[in-house]
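A.B. asks: File follows, entry00.cif with mmCIF, C-alpha atoms and all ligand atoms:
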```
data_final
loop_
_atom_site.group_PDB
_atom_site.id
_atom_site.type_symbol
_atom_site.label_atom_id
_atom_site.label_comp_id
_atom_site.auth_asym_id
_atom_site.auth_seq_id
_atom_site.Cartn_x
_atom_site.Cartn_y
_atom_site.Cartn_z
ATOM 1 C CA MET A 138 19.320 -19.387 6.331
ATOM 2 C CA THR A 139 17.191 -22.386 5.567
ATOM 3 C CA ASP A 140 16.525 -23.408 2.013
ATOM 4 C CA HIS A 141 12.919 -24.240 2.866
ATOM 5 C CA SER A 142 10.061 -22.472 1.119
ATOM 6 C CA VAL A 143 7.159 -21.085 3.121
ATOM 7 C CA ALA A 144 3.575 -20.417 2.019
ATOM 8 C CA VAL A 145 1.247 -18.177 4.017
ATOM 9 C CA ILE A 146 -2.212 -19.604 3.330
ATOM 10 C CA GLY A 147 -4.640 -16.703 3.935
ATOM 11 C CA ALA A 148 -2.364 -13.672 3.967
ATOM 12 C CA GLY A 149 -4.509 -11.141 5.819
ATOM 13 C CA LYS A 150 -3.343 -8.850 8.640
ATOM 14 C CA LEU A 151 -1.297 -11.423 10.538
ATOM 15 C CA GLY A 152 -0.101 -13.311 7.468
ATOM 16 C CA GLU A 153 1.208 -10.081 5.971
ATOM 17 C CA LEU A 154 3.087 -9.259 9.188
ATOM 18 C CA VAL A 155 4.799 -12.645 9.029
ATOM 19 C CA LEU A 156 5.632 -12.271 5.333
ATOM 20 C CA SER A 157 7.088 -8.798 5.807
ATOM 21 C CA GLY A 158 9.116 -9.991 8.811
ATOM 22 C CA LEU A 159 10.541 -12.922 6.854
ATOM 23 C CA LEU A 160 11.567 -10.592 4.022
ATOM 24 C CA ARG A 161 13.196 -8.153 6.513
ATOM 25 C CA SER A 162 15.133 -11.041 8.006
ATOM 26 C CA GLY A 163 16.565 -11.885 4.586
ATOM 27 C CA TRP A 164 14.299 -14.805 3.654
ATOM 28 C CA PRO A 165 14.533 -14.904 -0.178
ATOM 29 C CA ALA A 166 11.337 -13.650 -1.847
ATOM 30 C CA GLN A 167 11.477 -16.557 -4.303
ATOM 31 C CA GLN A 168 11.081 -18.945 -1.335
ATOM 32 C CA LEU A 169 7.889 -17.239 -0.138
ATOM 33 C CA LEU A 170 4.376 -17.836 -1.431
ATOM 34 C CA ALA A 171 1.061 -16.379 -0.308
ATOM 35 C CA THR A 172 -2.583 -17.116 -0.958
ATOM 36 C CA THR A 173 -5.670 -14.967 -0.441
ATOM 37 C CA ARG A 174 -9.348 -15.194 -1.241
ATOM 38 C CA ARG A 175 -9.845 -11.889 -3.093
ATOM 39 C CA PRO A 176 -7.918 -11.154 -6.339
ATOM 40 C CA GLU A 177 -7.421 -7.483 -5.368
ATOM 41 C CA ARG A 178 -5.705 -8.577 -2.154
ATOM 42 C CA SER A 179 -3.457 -10.938 -4.145
ATOM 43 C CA ALA A 180 -2.431 -8.104 -6.479
ATOM 44 C CA GLU A 181 -1.725 -5.815 -3.510
ATOM 45 C CA LEU A 182 0.596 -8.359 -1.843
ATOM 46 C CA ALA A 183 2.408 -9.247 -5.067
ATOM 47 C CA GLU A 184 3.070 -5.589 -5.785
ATOM 48 C CA ARG A 185 4.057 -4.673 -2.214
ATOM 49 C CA TYR A 186 6.460 -7.581 -1.578
ATOM 50 C CA GLY A 187 7.411 -8.994 -4.992
ATOM 51 C CA ILE A 188 6.333 -12.477 -3.933
ATOM 52 C CA HIS A 189 4.248 -15.020 -5.827
ATOM 53 C CA VAL A 190 0.615 -15.043 -4.782
ATOM 54 C CA VAL A 191 -0.844 -18.310 -5.992
ATOM 55 C CA ARG A 192 -3.845 -20.607 -5.592
ATOM 56 C CA ASN A 193 -4.075 -22.658 -2.426
ATOM 57 C CA LEU A 194 -3.421 -25.946 -4.186
ATOM 58 C CA THR A 195 -0.327 -24.541 -5.927
ATOM 59 C CA ALA A 196 1.028 -23.278 -2.590
ATOM 60 C CA VAL A 197 0.361 -26.604 -0.926
ATOM 61 C CA THR A 198 2.188 -28.455 -3.674
ATOM 62 C CA GLN A 199 5.156 -26.091 -4.014
ATOM 63 C CA ALA A 200 6.011 -24.900 -0.474
ATOM 64 C CA ASP A 201 7.664 -26.995 2.251
ATOM 65 C CA VAL A 202 5.983 -25.212 5.167
ATOM 66 C CA LEU A 203 2.300 -24.223 5.099
ATOM 67 C CA LEU A 204 1.457 -21.427 7.553
ATOM 68 C CA ILE A 205 -2.333 -21.430 7.958
ATOM 69 C CA ALA A 206 -3.375 -17.840 8.727
ATOM 70 C CA VAL A 207 -7.084 -17.757 7.885
ATOM 71 C CA LYS A 208 -9.680 -16.899 10.536
ATOM 72 C CA PRO A 209 -10.537 -19.981 12.623
ATOM 73 C CA GLN A 210 -14.082 -19.808 11.234
ATOM 74 C CA ASP A 211 -12.677 -20.241 7.672
ATOM 75 C CA ALA A 212 -10.290 -23.085 8.447
ATOM 76 C CA ALA A 213 -12.700 -26.016 8.009
ATOM 77 C CA LYS A 214 -13.784 -24.870 4.546
ATOM 78 C CA LEU A 215 -10.154 -24.227 3.583
ATOM 79 C CA LEU A 216 -9.156 -27.746 4.592
ATOM 80 C CA ASP A 217 -12.236 -29.241 2.908
ATOM 81 C CA ASP A 218 -10.867 -27.711 -0.304
ATOM 82 C CA PHE A 219 -7.323 -29.113 -0.203
ATOM 83 C CA GLY A 220 -6.551 -30.782 3.157
ATOM 84 C CA MET A 221 -6.516 -34.349 1.883
ATOM 85 C CA ARG A 222 -4.317 -33.316 -1.061
ATOM 86 C CA VAL A 223 -1.423 -32.065 1.098
ATOM 87 C CA PRO A 224 1.625 -34.123 0.058
ATOM 88 C CA PRO A 225 3.315 -36.204 2.785
ATOM 89 C CA ASP A 226 6.579 -34.210 3.026
ATOM 90 C CA LYS A 227 4.973 -30.927 4.211
ATOM 91 C CA LEU A 228 4.890 -29.223 7.619
ATOM 92 C CA VAL A 229 1.589 -27.572 8.581
ATOM 93 C CA VAL A 230 1.836 -24.671 11.049
ATOM 94 C CA SER A 231 -1.422 -23.236 12.347
ATOM 95 C CA LEU A 232 -1.570 -19.616 13.481
ATOM 96 C CA CYS A 233 -5.326 -19.861 14.179
ATOM 97 C CA ALA A 234 -6.585 -18.915 17.636
ATOM 98 C CA GLY A 235 -8.337 -21.722 19.458
ATOM 99 C CA LEU A 236 -8.047 -24.467 16.850
ATOM 100 C CA THR A 237 -6.243 -27.551 18.086
ATOM 101 C CA THR A 238 -3.616 -29.495 16.193
ATOM 102 C CA GLY A 239 -6.123 -32.368 16.271
ATOM 103 C CA PHE A 240 -8.564 -30.236 14.249
ATOM 104 C CA PHE A 241 -5.927 -30.023 11.488
ATOM 105 C CA ALA A 242 -4.718 -33.620 11.778
ATOM 106 C CA ASP A 243 -8.314 -34.829 11.326
ATOM 107 C CA ARG A 244 -8.466 -32.978 7.998
ATOM 108 C CA LEU A 245 -5.012 -33.946 6.658
ATOM 109 C CA PRO A 246 -3.600 -37.261 5.440
ATOM 110 C CA GLY A 247 -2.097 -39.311 8.288
ATOM 111 C CA GLY A 248 1.519 -38.590 9.132
ATOM 112 C CA ILE A 249 1.596 -34.868 8.248
ATOM 113 C CA PRO A 250 3.226 -33.005 11.150
ATOM 114 C CA VAL A 251 1.247 -30.124 12.680
ATOM 115 C CA VAL A 252 2.668 -27.353 14.886
ATOM 116 C CA ARG A 253 0.404 -24.844 16.667
ATOM 117 C CA VAL A 254 1.720 -21.286 16.943
ATOM 118 C CA MET A 255 0.385 -18.167 18.651
ATOM 119 C CA THR A 256 2.194 -14.992 17.722
ATOM 120 C CA ASN A 257 1.212 -11.309 17.987
ATOM 121 C CA THR A 258 1.202 -8.065 16.002
ATOM 122 C CA PRO A 259 4.478 -6.577 17.354
ATOM 123 C CA ALA A 260 5.950 -8.918 14.703
ATOM 124 C CA LEU A 261 5.785 -5.749 12.611
ATOM 125 C CA VAL A 262 8.707 -4.312 14.603
ATOM 126 C CA ASP A 263 10.446 -7.662 15.211
ATOM 127 C CA GLN A 264 9.148 -7.748 18.806
ATOM 128 C CA ALA A 265 6.597 -10.545 18.541
ATOM 129 C CA MET A 266 5.994 -13.097 21.258
ATOM 130 C CA THR A 267 5.614 -16.394 19.418
ATOM 131 C CA VAL A 268 4.631 -19.526 21.313
ATOM 132 C CA LEU A 269 4.858 -23.005 19.755
ATOM 133 C CA SER A 270 3.378 -26.389 20.612
ATOM 134 C CA PRO A 271 3.991 -29.679 18.838
ATOM 135 C CA GLY A 272 0.964 -31.563 17.548
ATOM 136 C CA PRO A 273 0.648 -34.979 15.889
ATOM 137 C CA TYR A 274 3.805 -36.229 14.140
ATOM 138 C CA ALA A 275 5.756 -33.003 14.929
ATOM 139 C CA THR A 276 9.358 -33.796 15.824
ATOM 140 C CA GLU A 277 12.194 -31.680 17.229
ATOM 141 C CA GLU A 278 13.208 -30.968 13.626
ATOM 142 C CA HIS A 279 9.762 -29.511 12.833
ATOM 143 C CA LEU A 280 9.791 -27.346 15.973
ATOM 144 C CA ALA A 281 13.286 -26.093 15.153
ATOM 145 C CA LEU A 282 12.204 -25.183 11.617
ATOM 146 C CA THR A 283 9.152 -23.328 12.968
ATOM 147 C CA GLU A 284 11.415 -21.456 15.385
ATOM 148 C CA GLU A 285 13.737 -20.563 12.540
ATOM 149 C CA ILE A 286 10.789 -18.929 10.773
ATOM 150 C CA PHE A 287 9.575 -16.963 13.814
ATOM 151 C CA LYS A 288 12.820 -16.108 15.665
ATOM 152 C CA PRO A 289 13.663 -13.113 13.446
ATOM 153 C CA LEU A 290 10.234 -11.662 14.334
ATOM 154 C CA GLY A 291 10.901 -11.536 18.087
ATOM 155 C CA LYS A 292 11.000 -13.985 20.955
ATOM 156 C CA THR A 293 9.908 -17.634 20.849
ATOM 157 C CA LEU A 294 8.848 -20.062 23.554
ATOM 158 C CA ARG A 295 7.587 -23.659 23.616
ATOM 159 C CA VAL A 296 4.633 -24.749 25.778
ATOM 160 C CA PRO A 297 2.399 -27.827 25.878
ATOM 161 C CA GLU A 298 -0.634 -27.382 23.637
ATOM 162 C CA SER A 299 -2.942 -27.505 26.695
ATOM 163 C CA GLN A 300 -1.629 -23.993 27.559
ATOM 164 C CA GLN A 301 -2.227 -22.431 24.137
ATOM 165 C CA ASP A 302 -5.690 -20.964 24.850
ATOM 166 C CA ALA A 303 -4.234 -19.168 27.883
ATOM 167 C CA VAL A 304 -1.276 -18.014 25.768
ATOM 168 C CA THR A 305 -3.738 -16.630 23.213
ATOM 169 C CA ALA A 306 -5.462 -14.666 25.998
ATOM 170 C CA LEU A 307 -2.171 -13.264 27.339
ATOM 171 C CA SER A 308 0.184 -12.563 24.447
ATOM 172 C CA GLY A 309 -1.939 -13.175 21.342
ATOM 173 C CA SER A 310 -4.578 -10.623 22.330
ATOM 174 C CA GLY A 311 -2.225 -8.818 24.734
ATOM 175 C CA PRO A 312 -1.195 -5.905 22.490
ATOM 176 C CA ALA A 313 -4.855 -4.805 22.361
ATOM 177 C CA TYR A 314 -5.018 -4.464 26.174
ATOM 178 C CA PHE A 315 -1.893 -2.280 26.252
ATOM 179 C CA TYR A 316 -3.216 -0.087 23.433
ATOM 180 C CA LEU A 317 -6.501 0.340 25.334
ATOM 181 C CA LEU A 318 -4.612 1.393 28.482
ATOM 182 C CA VAL A 319 -2.469 3.824 26.503
ATOM 183 C CA GLU A 320 -5.553 5.272 24.817
ATOM 184 C CA ALA A 321 -7.263 5.762 28.202
ATOM 185 C CA MET A 322 -4.187 7.403 29.746
ATOM 186 C CA ILE A 323 -3.901 9.807 26.809
ATOM 187 C CA ASP A 324 -7.569 10.713 27.350
ATOM 188 C CA ALA A 325 -6.747 11.330 31.015
ATOM 189 C CA GLY A 326 -4.056 13.778 29.875
ATOM 190 C CA ILE A 327 -6.701 15.647 27.863
ATOM 191 C CA LEU A 328 -8.928 15.695 30.964
ATOM 192 C CA LEU A 329 -6.053 17.269 32.901
ATOM 193 C CA GLY A 330 -5.710 19.974 30.248
ATOM 194 C CA LEU A 331 -2.680 18.795 28.273
ATOM 195 C CA PRO A 332 -2.599 19.156 24.486
ATOM 196 C CA ARG A 333 -3.318 15.748 22.846
ATOM 197 C CA GLN A 334 0.105 15.613 21.167
ATOM 198 C CA VAL A 335 1.887 16.228 24.466
ATOM 199 C CA ALA A 336 -0.241 13.633 26.297
ATOM 200 C CA HIS A 337 0.460 11.121 23.500
ATOM 201 C CA GLU A 338 4.226 11.680 23.657
ATOM 202 C CA LEU A 339 4.339 11.427 27.470
ATOM 203 C CA ILE A 340 2.359 8.197 27.628
ATOM 204 C CA VAL A 341 4.002 6.424 24.672
ATOM 205 C CA GLN A 342 7.511 7.156 26.005
ATOM 206 C CA THR A 343 6.431 6.137 29.517
ATOM 207 C CA ALA A 344 5.056 2.855 28.117
ATOM 208 C CA ILE A 345 8.280 2.163 26.197
ATOM 209 C CA GLY A 346 10.502 3.093 29.151
ATOM 210 C CA SER A 347 8.491 0.931 31.557
ATOM 211 C CA ALA A 348 8.498 -2.039 29.145
ATOM 212 C CA VAL A 349 12.242 -1.872 28.475
ATOM 213 C CA MET A 350 12.921 -1.565 32.227
ATOM 214 C CA LEU A 351 10.719 -4.582 32.970
ATOM 215 C CA ARG A 352 12.601 -6.627 30.371
ATOM 216 C CA ASP A 353 16.149 -5.425 31.044
ATOM 217 C CA SER A 354 16.121 -5.165 34.846
ATOM 218 C CA GLY A 355 14.533 -8.594 35.295
ATOM 219 C CA GLU A 356 12.863 -7.174 38.439
ATOM 220 C CA HIS A 357 9.381 -8.201 39.535
ATOM 221 C CA PRO A 358 6.789 -5.561 38.477
ATOM 222 C CA VAL A 359 5.762 -5.083 42.130
ATOM 223 C CA LYS A 360 9.287 -3.922 42.967
ATOM 224 C CA LEU A 361 9.392 -1.518 40.030
ATOM 225 C CA ARG A 362 5.980 -0.097 40.982
ATOM 226 C CA GLU A 363 7.003 0.332 44.621
ATOM 227 C CA ALA A 364 10.016 2.377 43.511
ATOM 228 C CA VAL A 365 7.612 4.883 41.903
ATOM 229 C CA THR A 366 5.153 4.957 44.804
ATOM 230 C CA SER A 367 6.234 7.516 47.417
ATOM 231 C CA PRO A 368 4.613 7.576 50.889
ATOM 232 C CA ALA A 369 1.652 10.002 50.858
ATOM 233 C CA GLY A 370 2.606 10.847 47.278
ATOM 234 C CA THR A 371 0.795 11.160 43.959
ATOM 235 C CA THR A 372 1.162 7.593 42.707
ATOM 236 C CA ILE A 373 -0.561 5.933 45.673
ATOM 237 C CA SER A 374 -3.535 8.283 45.208
ATOM 238 C CA ALA A 375 -3.884 7.013 41.648
ATOM 239 C CA ILE A 376 -3.379 3.374 42.648
ATOM 240 C CA ARG A 377 -6.121 3.643 45.277
ATOM 241 C CA GLU A 378 -8.504 4.744 42.501
ATOM 242 C CA LEU A 379 -7.386 1.924 40.200
ATOM 243 C CA GLU A 380 -8.069 -0.601 42.980
ATOM 244 C CA ASN A 381 -11.403 1.087 43.886
ATOM 245 C CA HIS A 382 -12.475 0.736 40.263
ATOM 246 C CA GLY A 383 -11.483 -2.914 40.137
ATOM 247 C CA VAL A 384 -8.842 -2.637 37.410
ATOM 248 C CA ARG A 385 -6.977 -5.707 38.691
ATOM 249 C CA ALA A 386 -10.195 -7.760 38.901
ATOM 250 C CA ALA A 387 -11.221 -6.503 35.454
ATOM 251 C CA LEU A 388 -7.938 -7.760 33.962
ATOM 252 C CA LEU A 389 -8.335 -11.179 35.602
ATOM 253 C CA ALA A 390 -11.890 -11.446 34.234
ATOM 254 C CA ALA A 391 -10.920 -10.110 30.793
ATOM 255 C CA LEU A 392 -8.109 -12.580 30.220
ATOM 256 C CA GLU A 393 -10.255 -15.426 31.502
ATOM 257 C CA ALA A 394 -12.956 -14.403 28.980
ATOM 258 C CA ALA A 395 -10.381 -14.386 26.166
ATOM 259 C CA ARG A 396 -9.158 -17.855 27.174
ATOM 260 C CA ASP A 397 -12.747 -19.145 27.325
ATOM 261 C CA ARG A 398 -13.507 -17.681 23.894
ATOM 262 C CA ALA A 399 -10.483 -19.504 22.409
ATOM 263 C CA THR A 400 -11.767 -22.765 23.853
ATOM 264 C CA GLU A 401 -15.285 -22.029 22.609
ATOM 265 C CA ILE A 402 -14.024 -21.319 19.052
ATOM 266 C CA ALA A 403 -12.391 -24.757 18.958
ATOM 267 C CA THR A 404 -15.575 -26.442 20.182
ATOM 268 C CA GLN A 405 -17.772 -24.590 17.673
ATOM 269 C CA MET A 406 -15.446 -25.307 14.756
ATOM 270 C CA ALA A 407 -15.020 -28.979 15.631
ATOM 271 C CA THR A 408 -18.793 -29.514 15.612
ATOM 272 C CA PRO A 409 -20.069 -30.013 12.046
ATOM 273 C CA LYS A 410 -23.037 -27.734 11.141
ATOM 274 C CA ALA A 411 -26.390 -29.581 11.351
HETATM 275 N N1 LIG A 501 -4.643 -10.344 14.231
HETATM 276 C C1 LIG A 501 -3.933 -10.773 15.275
HETATM 277 O O1 LIG A 501 -3.436 -9.995 16.106
HETATM 278 C C2 LIG A 501 -3.715 -12.239 15.476
HETATM 279 C C3 LIG A 501 -4.381 -13.193 14.709
HETATM 280 N N2 LIG A 501 -4.160 -14.525 14.927
HETATM 281 C C4 LIG A 501 -4.842 -15.517 14.099
HETATM 282 O O2 LIG A 501 -4.438 -15.292 12.757
HETATM 283 C C5 LIG A 501 -5.477 -15.655 11.874
HETATM 284 C C6 LIG A 501 -5.719 -14.515 10.887
HETATM 285 O O3 LIG A 501 -6.142 -13.365 11.578
HETATM 286 P P1 LIG A 501 -6.130 -11.960 10.855
HETATM 287 O O4 LIG A 501 -4.913 -11.858 9.998
HETATM 288 O O5 LIG A 501 -6.382 -10.963 11.896
HETATM 289 O O6 LIG A 501 -7.433 -12.104 9.896
HETATM 290 P P2 LIG A 501 -7.657 -11.535 8.425
HETATM 291 O O7 LIG A 501 -9.117 -11.654 8.152
HETATM 292 O O8 LIG A 501 -6.987 -10.221 8.273
HETATM 293 O O9 LIG A 501 -6.863 -12.577 7.495
HETATM 294 C C7 LIG A 501 -7.390 -13.783 7.079
HETATM 295 C C8 LIG A 501 -7.087 -13.932 5.601
HETATM 296 O O10 LIG A 501 -7.489 -15.236 5.190
HETATM 297 C C9 LIG A 501 -7.876 -15.144 3.833
HETATM 298 N N3 LIG A 501 -8.693 -16.308 3.486
HETATM 299 C C10 LIG A 501 -9.865 -16.732 4.019
HETATM 300 N N4 LIG A 501 -10.280 -17.852 3.415
HETATM 301 C C11 LIG A 501 -9.343 -18.159 2.488
HETATM 302 C C12 LIG A 501 -9.210 -19.204 1.542
HETATM 303 N N5 LIG A 501 -10.119 -20.172 1.434
HETATM 304 N N6 LIG A 501 -8.125 -19.202 0.747
HETATM 305 C C13 LIG A 501 -7.195 -18.241 0.843
HETATM 306 N N7 LIG A 501 -7.258 -17.209 1.733
HETATM 307 C C14 LIG A 501 -8.328 -17.175 2.518
HETATM 308 C C15 LIG A 501 -8.638 -13.848 3.757
HETATM 309 O O11 LIG A 501 -8.569 -13.439 2.420
HETATM 310 P P3 LIG A 501 -9.391 -12.189 1.853
HETATM 311 O O12 LIG A 501 -8.828 -10.974 2.534
HETATM 312 O O13 LIG A 501 -9.049 -12.221 0.394
HETATM 313 O O14 LIG A 501 -10.824 -12.451 2.187
HETATM 314 C C16 LIG A 501 -7.830 -12.951 4.710
HETATM 315 O O15 LIG A 501 -6.896 -12.169 3.997
HETATM 316 C C17 LIG A 501 -6.692 -15.990 12.724
HETATM 317 O O16 LIG A 501 -6.843 -17.387 12.794
HETATM 318 C C18 LIG A 501 -6.350 -15.419 14.096
HETATM 319 O O17 LIG A 501 -6.903 -16.191 15.136
HETATM 320 C C19 LIG A 501 -3.276 -14.956 15.863
HETATM 321 C C20 LIG A 501 -2.592 -14.059 16.634
HETATM 322 C C21 LIG A 501 -2.762 -12.648 16.528
HETATM 323 O O1 LIG A 502 -8.822 -11.623 18.479
HETATM 324 C C1 LIG A 502 -8.453 -12.702 17.996
HETATM 325 O O2 LIG A 502 -9.241 -13.664 17.952
HETATM 326 C C2 LIG A 502 -7.055 -12.871 17.457
HETATM 327 C C3 LIG A 502 -6.328 -13.992 18.155
HETATM 328 C C4 LIG A 502 -5.343 -13.339 19.056
HETATM 329 C C5 LIG A 502 -5.356 -11.955 18.621
HETATM 330 N N1 LIG A 502 -6.261 -11.716 17.732
#
```
Give the structure from the file, written as structure tokens.
C.D. replies:
Amino acid sequence: MTDHSVAVIGAGKLGELVLSGLLRSGWPAQQLLATTRRPERSAELAERYGIHVVRNLTAVTQADVLLIAVKPQDAAKLLDDFGMRVPPDKLVVSLCAGLTTGFFADRLPGGIPVVRVMTNTPALVDQAMTVLSPGPYATEEHLALTEEIFKPLGKTLRVPESQQDAVTALSGSGPAYFYLLVEAMIDAGILLGLPRQVAHELIVQTAIGSAVMLRDSGEHPVKLREAVTSPAGTTISAIRELENHGVRAALLAALEAARDRATEIATQMATPKA
């Protein structure tokens, strides 16, 4: 276990998931700090996790690693407040969708390393997909430290920063697409006359079984789907309807829209308000 201290700057939904994961993995509470905007949120986190919730400037001064977890739209104001006062020995890790490492480097003193990270909400059950990219001044040592923070929360991968908007569209937002599919399939069970609880249990277990099989078999999804699809059987009747309704095309368009939105956020945030 590292002896580094970590501050989550803007501990909302995602920041809390990261904090709780670090505590589960044995990260000492006295090496964790959090900041929030609202005092009632600070009190809630301090009580729930026994960590120090402090002012941004205190966190920036005291912690070694600063995890920036505010909404992208709040990041410029946050950095206006303390960016230029970040001491030189800190590592800044951005969890913000869309924002580039350049956005942060422009608002920090020269030489501060910046790493861009996209993780996702299955961090809550230590099954996150966390993807890292080095930004200005980030060395192998900084990437390794970032991995040390996120590895206990699930899987980690490194990609060039140019791929991060696509990563955001796939794995960052990805849990939402699966939940939508599950929700729709449970509704279909209701349509077919099953009690809601039964439909829920069938679909959740089918989702878990399919996901574990995809991961553990290493097989291509086409092969796994073909094994379910009997000639003139039930599955192909359903698949014909999915294709007729453009589900595949809808997914391609949806993920492209998510990627484009990430890029647009960065452009909007980089442009100072007139
Ligand atoms: N939710 C998700 O699934 C994922 C989110 N992300 C990224 O994570 C980031 C956070 O998202 P999410 O957790 O959903 O959003 P939330 O709104 O839940 O969290 C943001 C937090 O930032 C706090 N905050 C805002 N301004 C300040 C400030 N000046 N000082 C201190 N704290 C501040 C807010 O405090 P308060 O509550 O007191 O107002 C809030 O708790 C975003 O950039 C998002 O793109 C990335 C991957 C997945
Ligand atoms: O919807 C969003 O913008 C954030 C980023 C990825 C997941 N949630």
A.B. asks: For the atom pair CA of Ser308 in chain A and CA of Ala275 in chain A, what is the interatomic distance in Å to one decimal place?
C.D. replies: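 CA of Ala275 in chain A lies at a distance of 23.2 Å from CA of Ser308 in chain A.
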A.B. asks: I would like the residues chosen by the PyMOL selection byres (((not hetatm)) within 7 of (chain A and resi 501)) on the shown file; could you give them as a ChimeraX atom specification?
C.D. replies: /A:146-152,172-176,178,193,206-209,211,214-215,232-234,255-258,309-310
A.B. asks: Between A:Ser162, A:Thr400, A:Gln167, A:Thr195, which residue has the minimum interatomic distance to Gly291 in chain A, considering only C-alpha atoms?
C.D. replies: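 Of all the options, A:Ser162 lies closest to Gly291 in chain A.
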A.B. asks: Counting all atoms listed in the file, which residues come within 12 Å of (0.2, 7.9, 39.1), with the point read in the file's coordinates, and could you list them as a list in words?
C.D. replies: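 Those within range, by chain then number, are Met322, Ala325, Gly326, Ile340, Thr343, Arg362, Glu363, Val365, Thr366, Ser367, Gly370, Thr371, Thr372, Ile373, Ser374, Ala375, Ile376, Arg377, Glu378 and Leu379 of chain A.
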A.B. asks: Output the selection as a compact mmCIF listing (two decimals), in the frame of the given file - C-alpha atoms for each residue.
C.D. replies:
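The resulting out-v8.txt:
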```txt
# COMPACT_ATOMS: atom_id res chain seq x y z
CA MET A 322 -4.19 7.40 29.75
CA ALA A 325 -6.75 11.33 31.02
CA GLY A 326 -4.06 13.78 29.88
CA ILE A 340 2.36 8.20 27.63
CA THR A 343 6.43 6.14 29.52
CA ARG A 362 5.98 -0.10 40.98
CA GLU A 363 7.00 0.33 44.62
CA VAL A 365 7.61 4.88 41.90
CA THR A 366 5.15 4.96 44.80
CA SER A 367 6.23 7.52 47.42
CA GLY A 370 2.61 10.85 47.28
CA THR A 371 0.80 11.16 43.96
CA THR A 372 1.16 7.59 42.71
CA ILE A 373 -0.56 5.93 45.67
CA SER A 374 -3.54 8.28 45.21
CA ALA A 375 -3.88 7.01 41.65
CA ILE A 376 -3.38 3.37 42.65
CA ARG A 377 -6.12 3.64 45.28
CA GLU A 378 -8.50 4.74 42.50
CA LEU A 379 -7.39 1.92 40.20
```
A.B. asks: Could you give me, as a list in words, the residues within 7 Å of Gly187 in chain A, counting all atoms listed in the file and dropping anything in the same chain fewer than 3 positions from it?
C.D. replies: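 Skipping anything fewer than 3 positions along the chain leaves Ala166, Ala183 and Glu184 of chain A.
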